[in-house]
Amino acid sequence: MLTIVFDGIAYGMLLFVLAAGLSVTLGLMNFVNLAHGAFAMAGGYATVILMNRYGVPFLTCLPLAFLFSAGLGLLFERLLYRHMYERSHLDQVLFSIGLVFMAIAATDFLMGSQQQSFRLPAWLQGRFEVMGVGVGVYRLFIVVICGLLALGLQWVLASTRFGSQLRAAVDDRRVARGLGIPVVSVFAITFAFGSGLAGLGGALGAEIVGLDPTFPLKFMLYFLIVVTVGGTSSLTGPLLAALLLGVADVMGKYLVPQLGAFIIYAMMLTVLMIRPNGLFERGR
């Protein structure tokens with residue numbers, strides 16, 4: 001049982017990194033970007049190509065996947081997304097869901113529809129036992145990396161000048177501009193960083209959750225559940241929501257596989273009935 005719980009925690013930490021960028025854009029920038037999974041898919045495919053075609057080491061691929069997805073995010077933000085910030089949420093949803101289908105079609109055309117995979121380095125393979133608990137080496141690696149990222153993100157948003165500028169720009173853009181805050185640059189950097197996080201999550205998760213052109217659609221609902229259940233006031237809520245979702249999903253698949261995804265949907269509905277604004281709602 002404890003082994004299943006640990007696997008669920010690893011899965012939850014991975015979901016957090018995948019969804020953290022959406023938490024930032026939706027929670028802090030108030031922008032509904034349903035195409036967030038496309039940037040995660042881009043990071044995963046970048047890792048597959050670098051490792052399988054060019055023999056780049058896995059650890060080198062991780063920052064490259066981050067940079068590649070961040071670069072795509074910055075490009076799309078400058079060309080497309082910036083024009084949607086002032087539009088309604090419905091317009092943002094329609095715009096971003098259109099990008100999802102375009103990304104799926106383009107990936108299917110360029111890479112084919114088959115499942116992609118790569119071979120992890122030998123030192124990340126296998127399992128070991130700690131007090132009777134089976135621990136997968138790669139899952140432990142994911143827990144450590146994602147845990148450090150969660151701490152770093154919380155520190156940046158809560159304790160740095162950039163985090164203060166971002167919060168001020170979101171609360172009132174006109175006043176923030178009057179105070180000399182470069183709102184356009186702050187939003188561009190934030191969007192690019194969130195996209196880079198998604199790409200890093202896609203690179204880390206390709207071996208566990210799989211990678212194919214439908215990735216953005218398959219995991220869109222998971223990302224939304226993490227952000228919705230966790231709330232949008234900070235990253236603490238999405239982190240706890242991702243851990244709950246990961247453990248519930250893995251335990252459900254192991255113990256009652258016939259229920260499928262019913263457990264996580266039931267958990268989401270229960271939480272939202274008790275706390276409609278998520279575990280950590282924004283203070284008024």
# chains A, B, ... in the order shown; residues from 1 in each chain; ligands from 1
$ select_by_dssp --residues "stretch 9-214 of chain A" --states "strand (DSSP E or B)" --output "list of chain:residue names"
A:Arg127, A:Phe128, A:Glu129, A:Val130, A:Val133, A:Gly134, A:Val135, A:Gly136
$ residues_around --residues "A:Ser69" --least-positions-apart "6" --cutoff "6 Å" --atoms "only C-alpha atoms" --output "number ranges by chain"
A: 39, 43, 195-196, 199
$ write_last_selection --atoms "N, CA, C and O atoms" --output "PDB file, in the first residue's frame"
ATOM      1  N   PHE A  39       2.349  23.057 -24.881  1.00  0.00           N
ATOM      2  CA  PHE A  39       3.731  23.391 -24.550  1.00  0.00           C
ATOM      3  C   PHE A  39       4.403  22.234 -23.804  1.00  0.00           C
ATOM      4  O   PHE A  39       5.597  21.999 -23.965  1.00  0.00           O
ATOM      5  N   GLY A  43       7.807  20.077 -25.085  1.00  0.00           N
ATOM      6  CA  GLY A  43       8.970  19.692 -24.302  1.00  0.00           C
ATOM      7  C   GLY A  43       9.235  18.201 -24.351  1.00  0.00           C
ATOM      8  O   GLY A  43      10.391  17.760 -24.422  1.00  0.00           O
ATOM      9  N   SER A 195       5.243  28.347 -19.673  1.00  0.00           N
ATOM     10  CA  SER A 195       5.344  27.421 -20.801  1.00  0.00           C
ATOM     11  C   SER A 195       6.575  26.534 -20.655  1.00  0.00           C
ATOM     12  O   SER A 195       6.534  25.341 -20.970  1.00  0.00           O
ATOM     13  N   GLY A 196       7.683  27.115 -20.180  1.00  0.00           N
ATOM     14  CA  GLY A 196       8.894  26.323 -19.949  1.00  0.00           C
ATOM     15  C   GLY A 196       8.682  25.259 -18.896  1.00  0.00           C
ATOM     16  O   GLY A 196       9.157  24.119 -19.042  1.00  0.00           O
ATOM     17  N   GLY A 199       6.902  22.468 -20.484  1.00  0.00           N
ATOM     18  CA  GLY A 199       7.815  21.663 -21.291  1.00  0.00           C
ATOM     19  C   GLY A 199       8.697  20.762 -20.450  1.00  0.00           C
ATOM     20  O   GLY A 199       8.945  19.605 -20.813  1.00  0.00           O
TER      21      GLY A 199
END
$ closest_residue --among "A:Gln92, A:Thr47, A:Thr214, A:Ser23" --to "A:Leu64" --atoms "only C-alpha atoms"
A:Thr47
$ residues_around --residues "stretch 205-207 of chain A" --least-positions-apart "2" --cutoff "10 Å" --atoms "only C-alpha atoms" --output "VMD selection string"
chain A and resid 11 14 to 15 17 to 18 40 to 41 43 to 45 47 to 48 115 to 120 138 to 139 142 199 to 203 209 to 212 215
$ atom_distance --atom1 "atom CA of A:Gly98" --atom2 "atom CA of A:Leu197"
21.6 Å
$ select_by_dssp --residues "stretch 48-215 of chain A" --states "helix (DSSP H, G or I)" --output "MDAnalysis selection string"
chainID A and resid 48:54 58:79 81:84 89:111 122:124 137:159 161:171 173:178 183:209 215
$ atom_distance --atom1 "atom CA of A:Pro213" --atom2 "atom CA of A:Met102"
10.5 Å
